[in-house]
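J.: File follows, final_3.txt with compact mmCIF, C-alpha atoms and all ligand atoms:
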# COMPACT_ATOMS: atom_id res chain seq x y z
CA MET A 1219 -39.50 99.68 -9.55
CA LEU A 1220 -39.30 96.85 -7.05
CA SER A 1221 -39.40 98.42 -3.63
CA SER A 1222 -37.81 95.44 -1.92
CA LYS A 1223 -34.93 95.05 -4.35
CA PHE A 1224 -31.61 94.07 -2.89
CA GLU A 1225 -28.18 93.61 -4.38
CA VAL A 1226 -26.71 90.20 -3.88
CA SER A 1227 -23.01 90.06 -3.21
CA GLU A 1228 -20.98 86.92 -3.51
CA PRO A 1229 -18.98 86.18 -0.37
CA THR A 1230 -15.52 87.73 -0.55
CA ASP A 1231 -12.53 86.57 1.49
CA GLY A 1232 -12.56 88.32 4.82
CA PHE A 1233 -16.08 89.66 4.46
CA LYS A 1234 -19.34 88.22 5.64
CA ASP A 1235 -22.02 87.60 3.04
CA PRO A 1236 -24.57 90.40 3.59
CA PHE A 1237 -27.31 88.04 2.44
CA PRO A 1238 -26.43 84.85 4.23
CA PHE A 1239 -29.19 82.75 2.81
CA TYR A 1240 -28.87 79.12 2.03
CA ARG A 1241 -28.18 78.24 -1.59
CA SER A 1242 -28.63 74.85 -3.18
CA GLU A 1243 -29.12 73.00 -6.43
CA GLU A 1244 -32.44 71.77 -5.07
CA ILE A 1245 -33.70 75.36 -4.95
CA ALA A 1246 -32.35 76.10 -8.43
CA ASP A 1247 -34.06 72.96 -9.80
CA ALA A 1248 -37.35 73.87 -8.13
CA LYS A 1249 -37.31 77.33 -9.67
CA LYS A 1250 -36.33 76.01 -13.08
CA THR A 1251 -39.21 73.56 -13.25
CA LEU A 1252 -41.70 76.36 -12.57
CA ASN A 1253 -40.96 77.73 -16.09
CA ILE A 1254 -41.39 81.32 -15.01
CA ASP A 1255 -41.94 84.00 -17.65
CA GLN A 1256 -39.80 86.69 -16.02
CA GLU A 1257 -41.39 89.63 -17.86
CA LYS A 1258 -44.90 88.50 -17.01
CA LEU A 1259 -43.92 87.91 -13.39
CA LYS A 1260 -42.37 91.37 -13.08
CA GLU A 1261 -45.51 93.02 -14.44
CA ALA A 1262 -47.65 90.95 -12.08
CA PHE A 1263 -45.45 91.90 -9.13
CA GLU A 1264 -45.63 95.59 -9.96
CA ARG A 1265 -49.44 95.38 -10.08
CA LEU A 1266 -49.34 93.59 -6.73
CA GLU A 1267 -47.14 96.21 -5.11
CA LYS A 1268 -49.59 98.93 -6.11
CA VAL A 1269 -52.46 97.02 -4.47
CA LEU A 1270 -50.40 96.38 -1.34
CA ASP A 1271 -49.43 100.03 -1.08
CA THR A 1272 -53.14 100.86 -0.96
CA GLU A 1273 -54.35 97.99 1.20
CA LEU A 1274 -51.63 97.45 3.82
CA PRO A 1275 -52.01 100.86 5.51
CA LYS A 1276 -55.72 100.13 6.01
CA LEU A 1277 -55.09 97.03 8.12
CA SER A 1278 -55.92 97.24 11.80
CA THR A 1279 -56.94 95.09 14.73
CA GLU A 1280 -60.45 96.53 14.39
CA ALA A 1281 -60.68 95.35 10.77
CA ILE A 1282 -60.40 91.67 11.73
CA PRO A 1283 -63.82 90.08 11.29
CA GLU A 1284 -65.63 88.94 14.42
CA VAL A 1285 -68.64 86.68 14.54
CA ASN A 1286 -70.72 85.73 17.55
CA PHE A 1287 -71.41 82.01 17.72
CA ASP A 1288 -75.14 82.64 18.27
CA ASP A 1289 -75.33 84.62 15.04
CA LEU A 1290 -73.67 81.79 13.15
CA ALA A 1291 -76.01 79.25 14.76
CA GLY A 1292 -78.99 81.45 13.88
CA ASN A 1293 -77.86 81.58 10.27
CA ASP A 1294 -78.24 77.84 9.69
CA ASN A 1295 -74.77 77.30 11.19
CA GLN A 1296 -73.07 79.23 8.39
CA PHE A 1297 -71.26 82.54 8.16
CA ASN A 1298 -73.48 85.17 6.57
CA ALA A 1299 -72.43 86.58 3.19
CA GLU A 1300 -70.80 89.68 4.65
CA ALA A 1301 -68.73 87.72 7.17
CA ALA A 1302 -67.76 85.13 4.56
CA GLU A 1303 -66.52 87.84 2.21
CA LYS A 1304 -64.43 89.44 4.95
CA ILE A 1305 -62.95 86.12 6.11
CA LYS A 1306 -61.96 85.34 2.53
CA LYS A 1307 -60.31 88.72 2.10
CA PHE A 1308 -58.51 88.86 5.45
CA GLY A 1309 -57.87 85.14 6.03
CA VAL A 1310 -58.66 85.39 9.73
CA VAL A 1311 -61.76 85.47 11.94
CA VAL A 1312 -62.59 85.59 15.64
CA VAL A 1313 -65.64 83.48 16.51
CA ARG A 1314 -66.78 84.47 19.96
CA ASN A 1315 -68.58 82.51 22.67
CA VAL A 1316 -68.17 79.11 21.05
CA ILE A 1317 -67.82 77.68 24.55
CA GLU A 1318 -69.79 79.24 27.41
CA LYS A 1319 -67.48 81.47 29.45
CA GLU A 1320 -68.03 79.60 32.72
CA ASP A 1321 -67.54 76.24 30.96
CA ALA A 1322 -64.28 77.50 29.47
CA LYS A 1323 -63.05 78.57 32.91
CA ASN A 1324 -63.92 75.14 34.31
CA LEU A 1325 -62.10 73.48 31.41
CA LEU A 1326 -59.03 75.54 32.26
CA ASP A 1327 -59.21 74.33 35.88
CA ASP A 1328 -59.56 70.75 34.63
CA VAL A 1329 -56.61 70.92 32.27
CA GLU A 1330 -54.45 72.52 34.96
CA LYS A 1331 -55.47 69.78 37.40
CA TYR A 1332 -54.58 67.06 34.87
CA MET A 1333 -51.19 68.60 34.26
CA LYS A 1334 -50.48 69.17 37.95
CA GLU A 1335 -51.42 65.59 38.87
CA ASN A 1336 -49.03 64.36 36.24
CA GLY A 1337 -46.06 66.48 37.20
CA GLN A 1338 -46.38 69.33 34.71
CA ASP A 1339 -48.11 72.02 36.77
CA PRO A 1340 -48.32 74.94 34.31
CA LYS A 1341 -48.45 77.41 37.21
CA THR A 1342 -45.08 76.41 38.61
CA THR A 1343 -43.26 74.86 35.67
CA VAL A 1344 -40.54 77.18 34.49
CA LYS A 1345 -39.82 76.76 30.83
CA LYS A 1346 -38.64 78.96 28.00
CA HIS A 1347 -41.22 77.70 25.54
CA PRO A 1348 -44.88 78.38 26.45
CA LEU A 1349 -46.16 75.30 24.58
CA PHE A 1350 -46.77 72.08 26.50
CA ASN A 1351 -46.72 68.68 24.82
CA ILE A 1352 -50.08 67.68 26.23
CA TYR A 1353 -52.54 66.19 23.77
CA TRP A 1354 -54.82 63.73 25.49
CA SER A 1355 -56.40 65.43 28.51
CA LYS A 1356 -60.17 65.06 28.78
CA PRO A 1357 -60.79 68.84 28.55
CA GLN A 1358 -58.83 69.03 25.27
CA LEU A 1359 -60.88 66.19 23.77
CA LYS A 1360 -64.05 67.85 25.03
CA VAL A 1361 -63.28 71.18 23.37
CA ARG A 1362 -62.06 69.57 20.12
CA HIS A 1363 -65.42 67.84 19.74
CA HIS A 1364 -67.76 70.25 21.48
CA THR A 1365 -71.04 70.50 19.52
CA ASN A 1366 -70.50 74.22 18.89
CA MET A 1367 -66.89 73.66 17.88
CA VAL A 1368 -67.92 71.15 15.24
CA LYS A 1369 -70.51 73.60 13.91
CA VAL A 1370 -67.88 76.33 13.59
CA GLN A 1371 -65.49 73.91 11.90
CA LYS A 1372 -68.14 72.90 9.38
CA ALA A 1373 -68.93 76.56 8.67
CA LEU A 1374 -65.22 77.25 8.10
CA LEU A 1375 -64.85 74.29 5.74
CA ASN A 1376 -67.92 75.51 3.86
CA LEU A 1377 -65.93 78.60 2.85
CA TRP A 1378 -63.67 76.32 0.79
CA ASN A 1379 -64.31 74.84 -2.63
CA LYS A 1380 -62.84 72.02 -4.68
CA CYS A 1381 -61.12 71.81 -8.03
CA GLU A 1382 -62.81 69.18 -10.15
CA GLY A 1383 -60.53 66.28 -10.94
CA LEU A 1384 -57.91 67.36 -8.41
CA ASP A 1385 -59.91 67.35 -5.16
CA ASP A 1386 -62.55 64.71 -5.80
CA THR A 1387 -61.51 62.71 -2.73
CA VAL A 1388 -61.92 65.70 -0.39
CA ASN A 1389 -65.10 65.88 1.72
CA LEU A 1390 -65.52 69.47 2.84
CA GLU A 1391 -68.59 68.59 4.87
CA GLN A 1392 -66.73 66.42 7.35
CA PRO A 1393 -64.05 67.84 9.65
CA VAL A 1394 -61.54 65.41 11.16
CA THR A 1395 -59.47 65.81 14.29
CA PHE A 1396 -55.93 67.15 14.44
CA ASN A 1397 -54.43 66.69 17.89
CA ASP A 1398 -52.42 69.71 18.89
CA ARG A 1399 -50.76 71.17 21.97
CA LEU A 1400 -51.70 73.89 24.40
CA ARG A 1401 -50.06 77.10 25.48
CA PHE A 1402 -49.61 78.79 28.83
CA ARG A 1403 -47.98 82.13 28.18
CA LYS A 1404 -47.06 83.87 31.39
CA PRO A 1405 -46.85 87.66 31.90
CA ASN A 1406 -43.45 89.31 31.58
CA THR A 1407 -42.06 86.62 29.32
CA ASN A 1408 -40.27 86.81 26.02
CA PHE A 1409 -41.02 84.38 23.25
CA LYS A 1410 -39.83 84.84 19.71
CA LEU A 1411 -41.86 83.41 16.86
CA GLY A 1412 -41.52 85.68 13.84
CA PRO A 1413 -43.82 86.03 10.82
CA HIS A 1414 -44.13 82.65 9.15
CA TRP A 1415 -46.20 80.16 7.26
CA ASP A 1416 -46.86 76.67 8.47
CA GLY A 1417 -47.85 73.86 6.15
CA GLY A 1418 -44.79 73.78 3.95
CA SER A 1419 -41.52 75.51 3.25
CA LEU A 1420 -39.53 74.89 0.06
CA GLN A 1421 -42.16 72.26 -0.83
CA ARG A 1422 -44.54 75.05 -1.81
CA TRP A 1423 -42.31 75.76 -4.82
CA ALA A 1424 -40.71 72.36 -5.24
CA ASN A 1425 -43.29 69.64 -4.66
CA SER A 1426 -44.89 68.63 -7.95
CA ASP A 1427 -48.39 68.47 -6.42
CA TYR A 1428 -48.17 71.36 -3.99
CA LYS A 1429 -46.86 73.90 -6.48
CA GLU A 1430 -49.97 73.33 -8.62
CA THR A 1431 -51.92 75.00 -5.82
CA TYR A 1432 -50.17 78.26 -6.70
CA ARG A 1433 -50.09 77.83 -10.48
CA ASP A 1434 -52.05 81.05 -11.16
CA VAL A 1435 -49.55 83.00 -9.09
CA PHE A 1436 -46.54 81.48 -10.85
CA ASN A 1437 -48.19 82.30 -14.18
CA GLY A 1438 -48.32 85.96 -13.19
CA ASP A 1439 -52.09 85.85 -12.87
CA TRP A 1440 -52.30 86.23 -9.10
CA GLU A 1441 -55.60 88.12 -9.37
CA SER A 1442 -57.27 84.84 -10.46
CA PHE A 1443 -55.79 82.83 -7.59
CA ASP A 1444 -58.42 81.48 -5.19
CA PRO A 1445 -56.85 80.74 -1.78
CA PHE A 1446 -60.02 78.87 -0.79
CA CYS A 1447 -59.81 76.26 -3.52
CA VAL A 1448 -58.24 73.12 -2.04
CA LYS A 1449 -56.38 72.47 -5.30
CA GLY A 1450 -54.31 69.46 -4.28
CA ARG A 1451 -53.63 70.48 -0.68
CA GLY A 1452 -55.74 67.51 0.47
CA SER A 1453 -53.42 64.97 -1.10
CA PHE A 1454 -50.06 66.69 -0.68
CA THR A 1455 -48.05 64.81 1.89
CA ASP A 1456 -44.88 65.60 3.71
CA GLU A 1457 -43.30 63.59 6.49
CA ASN A 1458 -43.28 66.59 8.84
CA CYS A 1459 -46.70 68.05 8.20
CA SER A 1460 -49.09 65.30 7.39
CA PHE A 1461 -52.34 67.16 8.02
CA PHE A 1462 -54.06 69.69 5.75
CA ARG A 1463 -55.28 72.40 8.10
CA ALA A 1464 -57.84 74.45 6.17
CA PHE A 1465 -57.69 76.89 9.07
CA GLN A 1466 -55.30 76.90 11.95
CA GLY A 1467 -56.94 77.88 15.17
CA TRP A 1468 -57.03 78.13 18.90
CA THR A 1469 -59.61 78.35 21.62
CA SER A 1470 -58.91 80.77 24.41
CA LEU A 1471 -59.39 79.69 28.01
CA ALA A 1472 -58.33 83.08 29.35
CA THR A 1473 -58.62 86.78 28.61
CA SER A 1474 -55.87 88.25 26.48
CA GLY A 1475 -55.52 91.16 24.13
CA PRO A 1476 -52.93 93.08 22.16
CA GLY A 1477 -49.78 93.34 24.28
CA ASP A 1478 -50.50 90.11 26.15
CA GLY A 1479 -48.25 87.95 23.99
CA THR A 1480 -51.05 87.21 21.58
CA LEU A 1481 -51.21 86.23 17.90
CA ARG A 1482 -50.19 88.63 15.18
CA VAL A 1483 -51.38 88.21 11.60
CA LEU A 1484 -51.11 89.80 8.20
CA PRO A 1485 -54.81 90.04 7.40
CA LEU A 1486 -54.73 90.27 3.63
CA LEU A 1487 -54.75 86.79 2.24
CA LYS A 1488 -54.47 86.53 -1.52
CA GLU A 1489 -52.08 89.43 -1.95
CA ALA A 1490 -49.74 88.23 0.80
CA ILE A 1491 -49.62 84.73 -0.68
CA ALA A 1492 -48.89 86.17 -4.10
CA TYR A 1493 -46.09 88.32 -2.69
CA VAL A 1494 -44.34 85.52 -0.81
CA MET A 1495 -44.65 83.06 -3.68
CA MET A 1496 -43.51 85.46 -6.42
CA ARG A 1497 -40.86 87.58 -4.71
CA PRO A 1498 -38.03 84.97 -4.61
CA LEU A 1499 -38.62 84.18 -8.27
CA LEU A 1500 -37.78 87.67 -9.48
CA ASP A 1501 -34.41 87.77 -11.15
CA ASP A 1502 -32.64 89.91 -8.54
CA VAL A 1503 -32.69 86.87 -6.24
CA PRO A 1504 -30.10 84.27 -7.25
CA ASP A 1505 -31.54 81.15 -8.87
CA ASN A 1506 -30.25 78.91 -6.11
CA MET A 1507 -31.58 81.04 -3.22
CA MET A 1508 -34.95 81.09 -1.46
CA PRO A 1509 -34.58 83.71 1.29
CA GLY A 1510 -36.45 82.44 4.34
CA TYR A 1511 -35.94 78.77 3.62
CA GLU A 1512 -33.89 77.18 6.36
CA PRO A 1513 -32.67 73.68 5.52
CA GLU A 1514 -32.15 72.94 9.22
CA HIS A 1515 -35.94 73.35 9.55
CA PRO A 1516 -37.05 71.25 6.61
CA GLY A 1517 -40.57 70.77 7.95
CA CYS A 1518 -43.60 72.95 7.85
CA GLN A 1519 -42.39 76.44 8.62
CA PHE A 1520 -41.32 79.13 6.20
CA TYR A 1521 -40.09 82.29 7.93
CA LEU A 1522 -40.21 85.73 6.35
CA VAL A 1523 -36.98 87.72 6.18
CA PRO A 1524 -36.68 91.52 6.14
CA GLN A 1525 -34.39 91.55 3.09
CA ILE A 1526 -37.32 90.75 0.82
CA HIS A 1527 -40.45 90.60 2.98
CA LYS A 1528 -40.13 93.82 4.99
CA LYS A 1529 -43.24 95.36 3.46
CA LEU A 1530 -45.33 92.46 4.78
CA MET A 1531 -43.53 92.10 8.10
CA ASP A 1532 -44.10 95.77 8.90
CA ALA A 1533 -47.83 95.38 8.30
CA MET A 1534 -48.45 92.64 10.87
CA ILE A 1535 -51.13 93.46 13.45
CA SER A 1536 -52.31 91.89 16.71
CA ILE A 1537 -55.66 90.18 16.96
CA PRO A 1538 -58.39 91.71 19.15
CA LYS A 1539 -58.92 90.97 22.83
CA VAL A 1540 -60.44 87.53 23.42
CA ASN A 1541 -62.20 86.01 26.42
CA PRO A 1542 -62.59 82.44 27.68
CA GLY A 1543 -64.53 80.43 25.11
CA ASP A 1544 -63.64 82.64 22.12
CA THR A 1545 -61.91 81.05 19.15
CA VAL A 1546 -59.47 82.45 16.57
CA TRP A 1547 -59.05 80.96 13.12
CA TRP A 1548 -56.56 81.78 10.40
CA HIS A 1549 -56.30 80.34 6.89
CA CYS A 1550 -53.43 77.89 6.36
CA ASP A 1551 -51.65 80.49 4.20
CA THR A 1552 -52.15 83.48 6.51
CA ILE A 1553 -48.80 84.87 7.62
CA HIS A 1554 -48.73 84.91 11.39
CA ALA A 1555 -46.43 85.46 14.37
CA VAL A 1556 -46.58 85.84 18.12
CA GLU A 1557 -46.04 89.03 20.10
CA GLU A 1558 -42.53 88.85 21.46
CA PHE A 1559 -43.27 90.16 24.95
CA HIS A 1560 -46.26 89.54 27.23
CA SER A 1561 -46.73 92.81 29.06
CA GLY A 1562 -50.15 91.95 30.51
CA THR A 1563 -51.06 90.48 33.87
CA GLU A 1564 -52.87 87.23 33.10
CA THR A 1565 -51.49 83.94 31.81
CA ASN A 1566 -52.58 83.64 28.23
CA THR A 1567 -53.87 80.10 27.80
CA VAL A 1568 -55.08 78.60 24.54
CA LEU A 1569 -55.84 75.15 23.20
CA TYR A 1570 -54.63 74.77 19.63
CA ILE A 1571 -57.51 73.34 17.61
CA PRO A 1572 -57.38 73.70 13.84
CA VAL A 1573 -59.82 72.34 11.25
CA GLY A 1574 -59.17 70.07 8.31
CA PRO A 1575 -61.53 68.13 6.05
CA ASP A 1576 -61.77 64.42 5.48
CA CYS A 1577 -59.27 63.96 2.63
CA PRO A 1578 -56.53 61.44 1.78
CA ASN A 1579 -53.72 62.93 3.87
CA ASN A 1580 -55.95 63.78 6.84
CA ARG A 1581 -57.48 60.31 6.71
CA ALA A 1582 -53.96 58.81 6.81
CA TYR A 1583 -53.16 61.11 9.73
CA ILE A 1584 -56.16 60.05 11.84
CA GLU A 1585 -55.41 56.39 11.21
CA LYS A 1586 -51.93 56.91 12.67
CA ALA A 1587 -53.24 59.15 15.48
CA LYS A 1588 -55.70 56.55 16.75
CA LYS A 1589 -53.00 54.34 18.23
CA CYS A 1590 -51.21 57.37 19.71
CA PHE A 1591 -54.44 58.33 21.47
CA LEU A 1592 -55.05 54.85 22.82
CA ASP A 1593 -51.43 54.54 24.03
CA GLY A 1594 -51.01 58.14 25.23
CA LYS A 1595 -48.10 58.70 22.85
CA HIS A 1596 -47.22 61.93 21.06
CA PRO A 1597 -49.44 62.24 17.96
CA PRO A 1598 -48.13 62.35 14.37
CA ASP A 1599 -46.15 65.52 13.51
CA PHE A 1600 -45.12 65.87 17.16
CA GLU A 1601 -43.18 62.64 17.62
CA MET A 1602 -40.45 63.27 20.18
CA PRO A 1603 -39.18 59.90 21.38
CA THR A 1604 -36.93 61.45 24.01
CA LYS A 1605 -39.64 63.62 25.56
CA GLN A 1606 -42.14 62.57 28.18
CA ASP A 1607 -45.43 61.41 26.68
CA GLU A 1608 -48.74 60.81 28.44
CA SER A 1609 -48.69 57.01 28.37
CA ASP A 1610 -48.55 56.69 32.17
CA TYR A 1611 -50.57 59.83 32.99
CA GLN A 1612 -53.50 59.57 35.38
CA ASP A 1613 -56.97 60.47 34.14
CA ARG A 1614 -56.03 60.66 30.47
CA ALA A 1615 -58.95 60.55 28.00
CA THR A 1616 -60.06 57.13 26.79
CA LEU A 1617 -62.51 55.81 24.21
CA ASN A 1618 -65.25 56.18 26.82
CA ASP A 1619 -64.75 59.95 26.76
CA LEU A 1620 -65.45 60.34 23.05
CA ASN A 1621 -68.82 61.70 21.96
CA GLU A 1622 -70.37 60.70 18.64
CA ASP A 1623 -68.63 63.50 16.71
CA ALA A 1624 -65.29 62.56 18.26
CA LYS A 1625 -65.63 58.93 17.23
CA VAL A 1626 -66.19 59.92 13.61
CA MET A 1627 -63.64 62.74 13.55
CA MET A 1628 -60.94 60.55 15.10
CA GLY A 1629 -61.66 57.63 12.78
CA PHE A 1630 -63.15 55.20 15.29
CA GLU A 1631 -66.46 54.98 13.39
FE FE A 1701 -47.49 78.93 13.05
Could you show the structure in this file as structure tokens?
Ligand SMILES: [Fe+2]
T.:
Amino acid sequence: MLSSKFEVSEPTDGFKDPFPFYRSEEIADAKKTLNIDQEKLKEAFERLEKVLDTELPKLSTEAIPEVNFDDLAGNDNQFNAEAAEKIKKFGVVVVRNVIEKEDAKNLLDDVEKYMKENGQDPKTTVKKHPLFNIYWSKPQLKVRHHTNMVKVQKALLNLWNKCEGLDDTVNLEQPVTFNDRLRFRKPNTNFKLGPHWDGGSLQRWANSDYKETYRDVFNGDWESFDPFCVKGRGSFTDENCSFFRAFQGWTSLATSGPGDGTLRVLPLLKEAIAYVMMRPLLDDVPDNMMPGYEPEHPGCQFYLVPQIHKKLMDAMISIPKVNPGDTVWWHCDTIHAVEEFHSGTETNTVLYIPVGPDCPNNRAYIEKAKKCFLDGKHPPDFEMPTKQDESDYQDRATLNDLNEDAKVMMGFE
């Protein structure tokens, strides 16, 4: 039996649709072209539910793998076999002490100074959203291309593999730079960001290239699916998410732990992907419905909904306590969210720094990003013409601030 089964009612005059999910021909077409064998899919889903029923209750904050940067450096700059196996299973890892604690504290002072001097003092600015559209401060560029950061990024990319013929243009040995924002989350604040995926919404089922990534899952053979095979992700392009982030990530500049408005994840990678990809294809969900897909947010995000994803949503856990200089990384298909309330005492500050390899779509991204950097404009994927950019900010990073890694990773060499 499907534990998450729901009955779909058609709207009736005077009554609200109990499952008010968007329906469209586009969704119906996407599902049709997947050529799903319904019997095979049902059997696969039942096998999956049994595994989830065993594995989900075991998840805990303590189970999230943690690696000390010195141990990685001492292991030829790679994760050891035990850590690699855990990261592949859970889809998340905390790499500690990537930046020296004192250096991280100084970087926080520097970024706050830059923002204050340019009229966006994070200590006094009152805003609902804890993210700031700051991309080009010197401390951000420093952390993005810190020697240790690049080593961690290379180790993370080394966990991935390529599909011959499909990923030949992907270079997993060379990370390139994605320019992301930063977050100042203050104590006693609410912020709602429910369980979701980035990196694609309906496109995961509909895009002719992207859906090949999940072919094993659609074929009912989810056990064979390898989430760490690039399988076309390096060439899939979408106007709203142009960069393939092998891992999303952030670097903490403060101390924060569970309860402090931190990241929540579902640390069980392959099974969670299989669940989210298969569940809307079962025949109790109408052909023209993809619960969680919101056409008003056509970009990168796909949000889970309790009507069909409750089992996964209930299993989310918070990541462990982190200190200044620690980094957190989660696979591009790890379901994640943010704690709704910050009940701690310290502002929870992170620099978003993911990792992606040199590949066709990331190469196209860095070519576009170069000019944004030089002009202080919002980088690709964050274009907001009406919002203040950094073009007239004092002490913004320039070409002179780029180290050798930065020049290569940003496409200047
Ligand atoms: Fe996200």
J.: Please determine, counting only C-alpha atoms, which residue among A:Arg1433, A:Glu1564, A:His1414, A:Leu1500 has the shortest atom-to-atom distance to A:Lys1258.
T.: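 Closest residue, counting only C-alpha atoms: A:Leu1500.
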J.: Between A:Asp1619, A:Asp1576, A:Met1602, A:Met1495, which residue has the minimum interatomic distance to A:Asp1434, considering all atoms listed in the file?
T.: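 Between A:Asp1619, A:Asp1576, A:Met1602, A:Met1495, the residue approaching A:Asp1434 most closely is A:Met1495.
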J.: Counting only C-alpha atoms and all ligand atoms, figure out which residue out of A:Lys1595, A:His1560, A:Arg1482, A:Lys1529 gets nearest to ligand FE 1701 (chain A).
T.: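 Closest residue, counting only C-alpha atoms and all ligand atoms: A:Arg1482.
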J.: For chain A against ligand FE 1701 (chain A), with a cut-off of 8 Å and counting all atoms listed in the file, what is the closest atom pair and its distance in Å to one decimal for every residue that makes the cut, ordered by chain and number, as JSON lines?
T.:
{"residue": "A:His1414", "atom": "CA", "partner": "A:FE1701", "partner_atom": "FE", "distance": 6.4}
{"residue": "A:Trp1415", "atom": "CA", "partner": "A:FE1701", "partner_atom": "FE", "distance": 6.1}
{"residue": "A:Asp1416", "atom": "CA", "partner": "A:FE1701", "partner_atom": "FE", "distance": 5.1}
{"residue": "A:Gln1519", "atom": "CA", "partner": "A:FE1701", "partner_atom": "FE", "distance": 7.2}
{"residue": "A:His1554", "atom": "CA", "partner": "A:FE1701", "partner_atom": "FE", "distance": 6.3}
{"residue": "A:Ala1555", "atom": "CA", "partner": "A:FE1701", "partner_atom": "FE", "distance": 6.7}
J.: Listing only residues of stretch 1428-1493 of chain A within 9 Å of stretch 1317-1336 of chain A, what is the closest atom pair and its distance in Å (to one decimal) for each, using all atoms listed in the file, sorted by chain and residue number ascending, as CSV?
T.:
residue,atom,partner,partner_atom,distance
A:Thr1469,CA,A:Ile1317,CA,8.7
A:Ser1470,CA,A:Ala1322,CA,8.1
A:Leu1471,CA,A:Ala1322,CA,5.6
A:Ala1472,CA,A:Lys1323,CA,7.4
J.: Leaving out A:Ile1282 and any residue of its chain fewer than 5 positions from it, which residues lie within 12 Å of it when counting all atoms listed in the file, given as a ChimeraX atom specification?
T.: /A:1276-1277,1301,1303-1313,1482-1486,1535-1539,1546-1548
J.: Given all atoms listed in the file as the basis, pick out the residue of A:His1364, A:Pro1340, A:Pro1283, A:Ile1254 nearest to A:Asp1439.
T.: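 Checking each candidate against A:Asp1439, we get A:Ile1254 as the closest.
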J.: Go through A:Asn1506, A:Asn1298, A:Thr1604, A:Thr1395 and flag the residue nearest A:Tyr1570, using all atoms listed in the file for the distances.
T.: A:Thr1395
J.: Mind pulling up the distance from atom CA of A:Tyr1240 to atom CA of A:Arg1265?
T.: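 So the two atoms, atom CA of A:Arg1265 and atom CA of A:Tyr1240, lie 28.9 Å apart.
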J.: Can you list, as a PDB file with C-alpha atoms, in the frame of the given file, every protein, DNA or RNA residue that comes within 12 Å of A:Asn1437 when you count all atoms listed in the file, leaving out same-chain residues fewer than 3 positions away?
T.:
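Result file follows (out_13.pdb):
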ATOM      1  CA  LEU A1252     -41.700  76.360 -12.570  1.00  0.00           C
ATOM      2  CA  ASN A1253     -40.960  77.730 -16.090  1.00  0.00           C
ATOM      3  CA  ILE A1254     -41.390  81.320 -15.010  1.00  0.00           C
ATOM      4  CA  ASP A1255     -41.940  84.000 -17.650  1.00  0.00           C
ATOM      5  CA  GLN A1256     -39.800  86.690 -16.020  1.00  0.00           C
ATOM      6  CA  GLU A1257     -41.390  89.630 -17.860  1.00  0.00           C
ATOM      7  CA  LYS A1258     -44.900  88.500 -17.010  1.00  0.00           C
ATOM      8  CA  LEU A1259     -43.920  87.910 -13.390  1.00  0.00           C
ATOM      9  CA  LYS A1260     -42.370  91.370 -13.080  1.00  0.00           C
ATOM     10  CA  GLU A1261     -45.510  93.020 -14.440  1.00  0.00           C
ATOM     11  CA  ALA A1262     -47.650  90.950 -12.080  1.00  0.00           C
ATOM     12  CA  PHE A1263     -45.450  91.900  -9.130  1.00  0.00           C
ATOM     13  CA  LYS A1429     -46.860  73.900  -6.480  1.00  0.00           C
ATOM     14  CA  GLU A1430     -49.970  73.330  -8.620  1.00  0.00           C
ATOM     15  CA  THR A1431     -51.920  75.000  -5.820  1.00  0.00           C
ATOM     16  CA  TYR A1432     -50.170  78.260  -6.700  1.00  0.00           C
ATOM     17  CA  ARG A1433     -50.090  77.830 -10.480  1.00  0.00           C
ATOM     18  CA  ASP A1434     -52.050  81.050 -11.160  1.00  0.00           C
ATOM     19  CA  TRP A1440     -52.300  86.230  -9.100  1.00  0.00           C
ATOM     20  CA  GLU A1441     -55.600  88.120  -9.370  1.00  0.00           C
ATOM     21  CA  SER A1442     -57.270  84.840 -10.460  1.00  0.00           C
ATOM     22  CA  PHE A1443     -55.790  82.830  -7.590  1.00  0.00           C
ATOM     23  CA  ALA A1492     -48.890  86.170  -4.100  1.00  0.00           C
ATOM     24  CA  MET A1495     -44.650  83.060  -3.680  1.00  0.00           C
ATOM     25  CA  MET A1496     -43.510  85.460  -6.420  1.00  0.00           C
ATOM     26  CA  LEU A1499     -38.620  84.180  -8.270  1.00  0.00           C
TER      27      LEU A1499
END
J.: Using all atoms listed in the file, can you tell me which of A:Val1370, A:Ala1248, A:Phe1396, A:Glu1264 comes closest to A:Asp1289?
T.: A:Val1370
J.: Please compute the atom CA of A:Lys1372-atom CA of A:Arg1399 distance, one decimal, in Å.
T.: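 Value for the atom CA of A:Lys1372-atom CA of A:Arg1399 distance: 21.5 Å.
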J.: When you draw a straight line from atom CA of A:Met1367 to atom CA of A:Val1316, how long is it in Å?
T.: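 The value is 6.4 Å.
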J.: What's around A:Cys1447 at 8 Å? Count all atoms listed in the file, leave out sequence neighbours fewer than 2 positions away in its own chain, and write the answer as a PyMOL selection string.
T.: chain A and resi 1378-1381+1444-1445+1449
J.: Give me, as an mmCIF file with C-alpha atoms, in the frame of the given file, all polymer residues having an atom no more than 10 Å from A:Tyr1583, counting only C-alpha atoms and skipping those fewer than 6 positions away in the same chain.
T.:
data_model
loop_
_atom_site.group_PDB
_atom_site.id
_atom_site.type_symbol
_atom_site.label_atom_id
_atom_site.label_comp_id
_atom_site.auth_asym_id
_atom_site.auth_seq_id
_atom_site.Cartn_x
_atom_site.Cartn_y
_atom_site.Cartn_z
ATOM 1 C CA VAL A 1394 -61.540 65.410 11.160
ATOM 2 C CA THR A 1395 -59.470 65.810 14.290
ATOM 3 C CA PHE A 1396 -55.930 67.150 14.440
ATOM 4 C CA ASN A 1397 -54.430 66.690 17.890
ATOM 5 C CA CYS A 1459 -46.700 68.050 8.200
ATOM 6 C CA SER A 1460 -49.090 65.300 7.390
ATOM 7 C CA PHE A 1461 -52.340 67.160 8.020
ATOM 8 C CA PHE A 1462 -54.060 69.690 5.750
ATOM 9 C CA CYS A 1577 -59.270 63.960 2.630
ATOM 10 C CA PRO A 1597 -49.440 62.240 17.960
ATOM 11 C CA PRO A 1598 -48.130 62.350 14.370
ATOM 12 C CA ASP A 1599 -46.150 65.520 13.510
ATOM 13 C CA MET A 1628 -60.940 60.550 15.100
ATOM 14 C CA GLY A 1629 -61.660 57.630 12.780
#
